[in-house]
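**Student:** upload_7.txt is reproduced in full below (compact mmCIF, C-alpha atoms).
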```txt
# COMPACT_ATOMS: atom_id res chain seq x y z
CA MET A 8 2.78 -14.42 118.61
CA ILE A 9 2.16 -11.08 120.22
CA ARG A 10 -0.33 -11.02 123.04
CA PRO A 11 -1.27 -8.94 126.10
CA LEU A 12 0.87 -9.23 129.22
CA GLU A 13 -0.37 -11.86 131.66
CA ASP A 14 0.43 -12.42 135.34
CA ARG A 15 2.57 -15.43 134.42
CA ASP A 16 4.89 -13.09 132.44
CA LEU A 17 5.57 -10.63 135.24
CA GLU A 18 8.60 -12.23 136.88
CA LEU A 19 10.49 -12.89 133.66
CA CYS A 20 9.82 -9.39 132.33
CA ARG A 21 10.87 -7.91 135.67
CA SER A 22 14.11 -9.91 135.60
CA TRP A 23 14.94 -8.55 132.15
CA TYR A 24 14.14 -5.01 133.23
CA ASN A 25 16.28 -5.35 136.33
CA TYR A 26 19.15 -6.64 134.17
CA TYR A 27 19.00 -3.39 132.18
CA VAL A 28 18.71 -1.32 135.36
CA MET A 29 21.77 -2.89 136.97
CA ASN A 30 23.99 -3.32 133.90
CA THR A 31 23.17 -0.56 131.42
CA VAL A 32 22.14 3.06 131.10
CA ILE A 33 19.14 2.09 128.98
CA SER A 34 17.01 2.72 132.07
CA PHE A 35 17.78 5.60 134.39
CA GLU A 36 16.49 3.65 137.38
CA GLU A 37 19.38 2.73 139.64
CA ALA A 38 17.94 0.04 141.93
CA PRO A 39 16.21 -3.21 141.02
CA VAL A 40 12.41 -3.09 140.99
CA SER A 41 10.73 -5.37 143.53
CA ALA A 42 8.08 -7.87 142.49
CA GLU A 43 5.42 -5.87 144.35
CA ALA A 44 6.43 -2.57 142.72
CA TRP A 45 6.57 -4.25 139.30
CA LYS A 46 3.07 -5.67 139.67
CA GLN A 47 1.79 -2.27 140.79
CA ARG A 48 3.51 -0.60 137.83
CA THR A 49 2.02 -2.99 135.30
CA GLU A 50 -1.46 -2.69 136.83
CA GLU A 51 -1.32 1.10 136.74
CA ILE A 52 -0.13 1.25 133.13
CA THR A 53 -2.57 -1.34 131.81
CA LYS A 54 -5.55 0.59 133.17
CA ARG A 55 -5.22 2.80 130.10
CA TYR A 56 -2.40 1.60 127.86
CA PRO A 57 -1.40 -1.64 126.15
CA TRP A 58 1.38 -3.83 127.53
CA ILE A 59 2.27 -6.66 125.17
CA VAL A 60 4.71 -9.54 124.99
CA LEU A 61 6.26 -11.35 122.04
CA GLU A 62 6.25 -15.11 122.47
CA GLU A 63 7.86 -17.58 120.07
CA ASP A 64 7.39 -21.33 120.51
CA GLY A 65 6.17 -20.76 124.05
CA VAL A 66 9.21 -18.67 125.01
CA LEU A 67 9.01 -14.94 125.72
CA LYS A 68 11.44 -12.84 123.69
CA GLY A 69 10.48 -9.34 124.75
CA TYR A 70 7.79 -6.95 125.90
CA ALA A 71 6.60 -3.47 125.07
CA TYR A 72 4.16 -0.97 126.45
CA LEU A 73 2.84 2.54 126.14
CA SER A 74 2.60 4.89 129.09
CA PRO A 75 1.76 8.54 129.67
CA PHE A 76 4.21 10.95 128.09
CA HIS A 77 3.18 13.56 130.64
CA PRO A 78 0.42 13.58 133.27
CA ARG A 79 -1.27 16.81 132.18
CA SER A 80 -4.48 16.22 130.23
CA ALA A 81 -3.48 18.10 127.08
CA TYR A 82 -0.85 15.37 126.48
CA ARG A 83 -3.47 12.57 126.44
CA PHE A 84 -2.97 11.92 122.70
CA THR A 85 0.79 11.40 123.10
CA ALA A 86 2.29 8.27 124.64
CA ASP A 87 5.74 7.14 125.69
CA VAL A 88 7.11 3.94 124.13
CA SER A 89 9.09 1.29 126.02
CA ILE A 90 10.45 -1.90 124.49
CA TYR A 91 12.63 -4.37 126.37
CA LEU A 92 13.96 -7.64 125.01
CA ASP A 93 15.43 -10.67 126.69
CA PRO A 94 19.08 -9.50 126.86
CA ALA A 95 20.13 -12.67 124.99
CA GLN A 96 17.71 -11.86 122.15
CA ARG A 97 18.79 -8.32 121.25
CA GLY A 98 19.57 -7.69 117.59
CA LYS A 99 17.44 -10.59 116.34
CA GLY A 100 14.53 -8.56 114.97
CA TYR A 101 12.07 -8.92 117.85
CA GLY A 102 11.72 -5.19 118.45
CA LYS A 103 10.09 -4.32 115.12
CA PRO A 104 7.00 -6.52 115.46
CA LEU A 105 6.51 -5.20 119.00
CA MET A 106 6.76 -1.62 117.72
CA ARG A 107 4.33 -2.29 114.86
CA GLU A 108 1.78 -3.76 117.26
CA LEU A 109 2.20 -0.86 119.70
CA GLU A 110 1.57 1.56 116.85
CA ARG A 111 -1.56 -0.33 115.80
CA LEU A 112 -2.90 -0.39 119.36
CA ALA A 113 -2.05 3.28 119.85
CA LYS A 114 -4.00 4.26 116.75
CA GLU A 115 -6.98 2.23 117.98
CA GLN A 116 -6.89 4.27 121.20
CA GLY A 117 -6.73 7.58 119.35
CA ILE A 118 -3.12 8.26 120.28
CA ARG A 119 -1.60 10.61 117.74
CA ASN A 120 2.06 10.79 118.74
CA LEU A 121 4.61 8.36 120.13
CA ILE A 122 7.66 9.58 122.02
CA SER A 123 10.71 7.52 122.90
CA LEU A 124 13.67 8.55 125.02
CA VAL A 125 16.98 6.98 124.02
CA THR A 126 20.03 7.29 126.21
CA GLU A 127 23.25 8.73 124.85
CA GLY A 128 25.49 6.18 123.22
CA ASN A 129 22.73 3.65 122.53
CA GLN A 130 23.38 3.53 118.78
CA ALA A 131 21.36 0.32 118.33
CA SER A 132 18.26 1.98 119.76
CA GLU A 133 18.77 5.12 117.70
CA THR A 134 19.08 3.06 114.52
CA PHE A 135 16.02 1.00 115.50
CA HIS A 136 13.84 4.05 116.10
CA GLU A 137 14.89 5.70 112.86
CA ALA A 138 14.18 2.46 110.95
CA CYS A 139 10.70 2.47 112.53
CA GLY A 140 10.02 6.00 111.25
CA PHE A 141 10.81 7.97 114.40
CA VAL A 142 12.50 11.34 114.01
CA LYS A 143 15.10 12.78 116.38
CA LYS A 144 13.54 15.88 117.92
CA ALA A 145 15.76 16.93 120.80
CA VAL A 146 18.98 16.08 122.57
CA LEU A 147 19.24 16.88 126.26
CA GLU A 148 22.87 16.58 127.31
CA ASN A 149 23.97 15.45 130.76
CA THR A 150 20.45 14.95 132.12
CA GLY A 151 21.00 11.71 134.04
CA TYR A 152 23.78 10.55 136.32
CA LYS A 153 24.41 6.81 136.55
CA PHE A 154 27.47 4.62 137.05
CA GLY A 155 29.56 7.66 137.97
CA ARG A 156 28.97 9.62 134.78
CA TRP A 157 26.59 12.10 133.21
CA ILE A 158 24.42 10.79 130.38
CA GLY A 159 22.23 12.61 127.88
CA VAL A 160 18.96 11.55 126.32
CA THR A 161 17.53 11.96 122.86
CA TYR A 162 13.81 12.42 122.27
CA TYR A 163 12.47 10.55 119.25
CA MET A 164 8.95 11.15 117.96
CA LYS A 165 6.62 9.52 115.49
CA ALA A 166 3.31 11.04 114.38
CA LEU A 167 0.66 8.40 113.82
CA GLY A 168 -1.91 10.57 112.09
CA ASP A 169 -3.36 13.98 111.43
```
Take the structure in the file and give it back as structure tokens.
**Tutor:**
Amino acid sequence: MIRPLEDRDLELCRSWYNYYVMNTVISFEEAPVSAEAWKQRTEEITKRYPWIVLEEDGVLKGYAYLSPFHPRSAYRFTADVSIYLDPAQRGKGYGKPLMRELERLAKEQGIRNLISLVTEGNQASETFHEACGFVKKAVLENTGYKFGRWIGVTYYMKALGD
């Protein structure tokens, strides 16, 4: 079942996110996010954009949300995509239903384009985005510095309509 994020989900989702922050380059944040900052982040995003979770047999498997691609008003029809799974559940097919639901919700809101940034070397995410119909649009080399090395990002884009 996919449903909107609820307060009861916040701590588990934050723990997953912090796992990725501290152990991977999937996120370019470098310090764990506090509970207060996480709650503020989710409240700010959900004022305008969907934040959903995938739950199976009462157990959360992952979450996804849209957020502003850029703060300037002309970008209001383009949103940034974020999907995070329970680290123990990666590669089990939970990302695709989250992406499909994000796309449906985006269309309902009149969003025309989805953008996703994928960090260099994240082949699983690149394959996932391409399988979901995203197209590689740009590679920005050496744009982030984490764990003592420079890391590039790839911009993926999917047009949702005319």
**Student:** With the cut-off set at 9 Å and counting all atoms listed in the file, tabulate each residue of range 84-161 of chain A with an atom at most that distance from an atom of range 31-55 of chain A, showing the nearest atom pair and its distance in Å to one decimal, ordered by chain and increasing number, as JSON lines.
**Tutor:**
```
{"residue": "A:Val125", "atom": "CA", "partner": "A:Ile33", "partner_atom": "CA", "distance": 7.3}
{"residue": "A:Thr126", "atom": "CA", "partner": "A:Ile33", "partner_atom": "CA", "distance": 6.0}
{"residue": "A:Glu127", "atom": "CA", "partner": "A:Val32", "partner_atom": "CA", "distance": 8.5}
{"residue": "A:Asn129", "atom": "CA", "partner": "A:Ile33", "partner_atom": "CA", "distance": 7.5}
{"residue": "A:Gly151", "atom": "CA", "partner": "A:Phe35", "partner_atom": "CA", "distance": 6.9}
{"residue": "A:Tyr152", "atom": "CA", "partner": "A:Phe35", "partner_atom": "CA", "distance": 8.0}
{"residue": "A:Lys153", "atom": "CA", "partner": "A:Val32", "partner_atom": "CA", "distance": 7.0}
{"residue": "A:Phe154", "atom": "CA", "partner": "A:Val32", "partner_atom": "CA", "distance": 8.1}
{"residue": "A:Ile158", "atom": "CA", "partner": "A:Val32", "partner_atom": "CA", "distance": 8.1}
```
**Student:** Just need the box for range 123-139 of chain A, edges along x, y and z, holding every atom the file lists for it with 4 Å tacked onto each side, so centre and edge lengths in Å to one decimal, as JSON.
**Tutor:**
```
{"center_x": 18.1, "center_y": 4.5, "center_z": 118.6, "size_x": 22.8, "size_y": 16.4, "size_z": 23.3}
```
**Student:** Which of these residues is nearest to Lys103 in chain A, using all atoms listed in the file: A:Glu13, A:Glu137, A:Asp169, A:Glu18?
**Tutor:**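 Among A:Glu13, A:Glu137, A:Asp169, A:Glu18, it is A:Glu137 that comes nearest to Lys103 in chain A.
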**Student:** Using all atoms listed in the file, find all polymer residues with an atom at most 6 Å away from the point (-1.0, 11.1, 122.6); report them as a VMD selection string.
**Tutor:** chain A and resid 82 to 86 118 to 120
**Student:** Write out as a VMD selection string the residues lying within 10 Å of Ser123 in chain A, counting all atoms listed in the file and excluding same-chain residues fewer than 2 positions away.
**Tutor:** chain A and resid 73 76 86 to 90 121 125 to 126 132 to 133 136 141 to 143 160 to 165
**Student:** Please determine, counting all atoms listed in the file, which residue among A:Arg156, A:Arg79, A:Arg10, A:Lys114 has the shortest atom-to-atom distance to Leu67 in chain A.
**Tutor:**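 The shortest atom-to-atom distance to Leu67 in chain A comes from A:Arg10.
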